[in-house]
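K.L.:
Please see the structure below; I have some questions.
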Amino acid sequence: MRNAARPFFTHSGGALGFAPVTLPPLPSGAVLDVRECPPPGSLAAARAPVLGGRVWPAAAALCRWLRLSRPALLGLPVVELGSGTGAVGLYAAALGASRVALTDGSAEVMDLLRANATRNAPHHSAVVSVSALRWGEGNDAAAAWPQAAEPPAAGATVGEKRRTVREHGLGVPTRGDFRGKGEKDAVVAACDGLSECGMPDSSNAARNAASEAEPAGGLVLGSDLTYFVDDHRPLCDTIAALLAARPLARAVLAHQRRGLLFRGGRTPGDHHLDHFCAVAAASGLRVTAVPGAAAEAASGAAGENVSLLEVEAV
């Protein structure tokens with residue numbers, strides 16, 4: 001993403017605010033522990049909000065759609081664009097995605113992304129990576145598709161194993177998370193359980209998934225990425241490159257409907273969406289509403305004003 005000067009936009013329901021957003025529970029009833037930066041309600045959040053460090057309503061809507069569409073997600077690789085907190089990508093991992101790449105172009109959220117990935121590793125058996133990706137800057141966006149983790153070479157030191165575990169989101173954050181097991185033992189156990197196809201071999205489900213060929217498709221996910229119109233062109237270029245690399249993949253975005261503020265009030269319609277669709281068309285992409293009852297249910301929460309969009313190559 002770019003760091004250009006930004007126009008000021010607002011939620012269509014009122015002034016820009018930071019009301020807490022709750023992610024839906026997982027099918028097991030568990031809830032992801034996704035931290036924000038700065039913490040909600042803190043003085044720092046009021047004085048210097050980090051927009052990418054928040055969980056916004058669009059993320060919750062996209063998570064609801066993922067849960068309702070879970071059978072189609074199982075075993076797929078996922079790229080989350082503009083991850084921020086990583087909420088959507090980590091939710092996809094917990095629902096059964098095989099590999100998840102959490103990407104963002106803002107350096108100020110990278111530590112938060114890594115911390116949330118590590119904190120939520122017990123909820124999934126996916127391989128989760130965190131990387132910087134700035135849209136439309138000549139980089140190889142197609143390389144953002146997550147790659148399988150490779151086990152360290154025989155005879156690797158504990159330090160090398162620790163790096164492998166942490167780089168691939170296998171969950172070795174602190175000593176207290178292993179119920180009395182020392183960090184060294186936990187690192188070795190997690191790393192030795194990494195299968196040849198790059199999945200943590202911690203359950204029968206993981207072992208069965210590892211033994212099967214990965215589906216040819218994939219999911220590109222993003223929530224509230226259409227906030228700044230200056231980002232629409234590089235965003236579309238990045239989505240186009242990702243879809244070209246995996247032609248059977250889908251790209252689904254959760255779009256927060258907003259209006260442009262003027263002194264006399266708010267403009268009618270949806271300037272952001274109209275502009276995004278026009279830029280997408282010029283980039284060889286088509287934007288349509290995600291069909292089906294799952295999309296309607298996911299985006300129908302009162303007051304959220306969220307639309308689920310599918311972006312396809314034409």
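Following the order of the structure tokens, first chain is A, next is B, and so on, with residues numbered from 1 inside each chain and ligands from 1 in the order they appear.
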Taking 4 positions as the minimum chain separation for residues in the same chain, which residues sit within 8 Å of segment 23-37 of chain A when counting only C-alpha atoms? Answer as a ChimeraX atom specification.

P.N.:
/A:45,50,53-55,59-60,63-64,67,85-87,91,94-95,109,112,116,119-120,123

K.L.:
As a PyMOL selection string, please: the residues near segment 237-241 of chain A (cut-off 10 Å, only C-alpha atoms, same-chain neighbours under 6 positions excluded).

P.N.:
chain A and resi 81+133-144+220-221+247+250-251+279-280+283-285+311-314

K.L.:
Once you have the residues from the selection above, write them out as a CSV table (one decimal), in the first residue's frame, restricted to N, CA, C and O atoms.

P.N.:
```csv
chain,number,residue,atom,x,y,z
A,81,LEU,N,-4.6,-9.9,1.8
A,81,LEU,CA,-4.0,-8.6,1.5
A,81,LEU,C,-4.4,-7.6,2.5
A,81,LEU,O,-5.5,-7.6,3.0
A,133,LEU,N,4.1,-6.8,1.7
A,133,LEU,CA,3.7,-6.7,0.3
A,133,LEU,C,3.1,-5.4,0.1
A,133,LEU,O,2.0,-5.1,0.6
A,134,ARG,N,3.8,-4.6,-0.7
A,134,ARG,CA,3.3,-3.2,-1.1
A,134,ARG,C,2.7,-3.4,-2.5
A,134,ARG,O,3.4,-3.8,-3.4
A,135,TRP,N,1.5,-3.0,-2.7
A,135,TRP,CA,0.8,-3.2,-3.9
A,135,TRP,C,1.3,-2.3,-5.0
A,135,TRP,O,1.7,-1.2,-4.8
A,136,GLY,N,1.4,-2.9,-6.2
A,136,GLY,CA,1.7,-2.1,-7.4
A,136,GLY,C,3.1,-1.4,-7.5
A,136,GLY,O,3.2,-0.4,-8.1
A,137,GLU,N,4.1,-2.0,-6.9
A,137,GLU,CA,5.4,-1.4,-6.9
A,137,GLU,C,6.4,-2.2,-7.6
A,137,GLU,O,7.6,-2.2,-7.4
A,138,GLY,N,5.9,-3.0,-8.6
A,138,GLY,CA,6.8,-3.8,-9.5
A,138,GLY,C,7.3,-5.0,-8.8
A,138,GLY,O,8.2,-5.7,-9.4
A,139,ASN,N,6.8,-5.4,-7.6
A,139,ASN,CA,7.3,-6.6,-7.0
A,139,ASN,C,6.5,-7.8,-7.6
A,139,ASN,O,5.5,-7.6,-8.3
A,140,ASP,N,7.0,-9.0,-7.4
A,140,ASP,CA,6.3,-10.2,-7.9
A,140,ASP,C,5.2,-10.6,-7.0
A,140,ASP,O,5.3,-11.4,-6.1
A,141,ALA,N,4.0,-10.0,-7.2
A,141,ALA,CA,2.9,-10.2,-6.3
A,141,ALA,C,2.5,-11.7,-6.3
A,141,ALA,O,2.0,-12.2,-5.3
A,142,ALA,N,2.7,-12.4,-7.5
A,142,ALA,CA,2.3,-13.8,-7.6
A,142,ALA,C,3.1,-14.6,-6.5
A,142,ALA,O,2.6,-15.7,-6.1
A,143,ALA,N,4.3,-14.2,-6.2
A,143,ALA,CA,5.1,-14.9,-5.2
A,143,ALA,C,4.5,-14.8,-3.8
A,143,ALA,O,5.0,-15.5,-2.9
A,144,ALA,N,3.4,-14.0,-3.6
A,144,ALA,CA,2.8,-13.9,-2.3
A,144,ALA,C,2.0,-15.2,-1.9
A,144,ALA,O,1.7,-15.4,-0.7
A,220,VAL,N,-7.9,-15.4,-2.4
A,220,VAL,CA,-7.3,-14.1,-2.1
A,220,VAL,C,-8.4,-13.3,-1.3
A,220,VAL,O,-9.5,-13.1,-1.7
A,221,LEU,N,-8.1,-12.9,-0.1
A,221,LEU,CA,-9.0,-12.3,0.8
A,221,LEU,C,-8.6,-10.9,1.2
A,221,LEU,O,-7.4,-10.6,1.3
A,247,PRO,N,-5.1,-19.7,-11.7
A,247,PRO,CA,-6.3,-19.4,-12.4
A,247,PRO,C,-7.6,-19.9,-11.8
A,247,PRO,O,-8.6,-19.3,-12.1
A,250,ARG,N,-10.1,-17.7,-6.3
A,250,ARG,CA,-11.1,-16.7,-6.1
A,250,ARG,C,-10.5,-15.5,-5.3
A,250,ARG,O,-9.7,-15.8,-4.4
A,251,ALA,N,-11.0,-14.4,-5.6
A,251,ALA,CA,-10.7,-13.2,-4.8
A,251,ALA,C,-12.0,-12.6,-4.2
A,251,ALA,O,-12.9,-12.3,-5.0
A,279,VAL,N,-11.8,1.1,-12.0
A,279,VAL,CA,-10.4,0.8,-12.0
A,279,VAL,C,-10.2,-0.7,-12.3
A,279,VAL,O,-9.3,-1.1,-13.1
A,280,ALA,N,-11.0,-1.5,-11.7
A,280,ALA,CA,-10.9,-3.0,-11.9
A,280,ALA,C,-11.1,-3.3,-13.3
A,280,ALA,O,-10.4,-4.1,-13.9
A,283,SER,N,-8.3,-2.7,-15.4
A,283,SER,CA,-7.2,-3.7,-15.2
A,283,SER,C,-7.6,-5.1,-15.6
A,283,SER,O,-6.8,-6.0,-15.3
A,284,GLY,N,-8.7,-5.2,-16.3
A,284,GLY,CA,-9.0,-6.6,-16.8
A,284,GLY,C,-9.7,-7.4,-15.8
A,284,GLY,O,-9.7,-8.7,-15.9
A,285,LEU,N,-10.4,-6.8,-14.8
A,285,LEU,CA,-11.1,-7.5,-13.8
A,285,LEU,C,-12.6,-7.1,-13.8
A,285,LEU,O,-12.9,-6.1,-14.2
A,311,VAL,N,-13.9,-10.6,-7.1
A,311,VAL,CA,-13.1,-10.0,-8.2
A,311,VAL,C,-12.6,-11.1,-9.1
A,311,VAL,O,-11.9,-12.0,-8.6
A,312,GLU,N,-12.9,-11.0,-10.4
A,312,GLU,CA,-12.5,-12.1,-11.3
A,312,GLU,C,-11.8,-11.5,-12.5
A,312,GLU,O,-12.0,-10.4,-12.9
A,313,ALA,N,-10.9,-12.3,-13.0
A,313,ALA,CA,-10.2,-11.9,-14.3
A,313,ALA,C,-11.2,-12.2,-15.4
A,313,ALA,O,-12.0,-13.1,-15.4
A,314,VAL,N,-11.2,-11.3,-16.4
A,314,VAL,CA,-12.1,-11.4,-17.6
A,314,VAL,C,-11.2,-11.7,-18.8
A,314,VAL,O,-10.0,-11.6,-18.8
```

K.L.:
Need to verify the contact set: Leu74 of chain A, 6 Å, only C-alpha atoms, exclusion of same-chain residues closer than 2 positions in sequence. Can you return it as a list in words?

P.N.:
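Those residues are Pro71, Ala72, Leu76, Gly96 and Ala97 of chain A.
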
K.L.:
Between atom CA of Arg286 of chain A and atom CA of Leu248 of chain A, what is the distance in Å, rounded to a tenth?

P.N.:
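Rounded to one decimal, the two atoms are 15.1 Å apart.
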
K.L.:
Quick one, how far is atom CA of Gln256 of chain A from atom CA of Ala58 of chain A?

P.N.:
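Separation of atom CA of Gln256 of chain A and atom CA of Ala58 of chain A: 5.9 Å.
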
K.L.:
Taking only C-alpha atoms into account, which of A:Leu90, A:Gly82, A:Ala294, A:Ala101 comes nearest Arg70 of chain A?

P.N.:
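Checking each of A:Leu90, A:Gly82, A:Ala294, A:Ala101 against Arg70 of chain A, counting only C-alpha atoms, the winner is A:Ala294.
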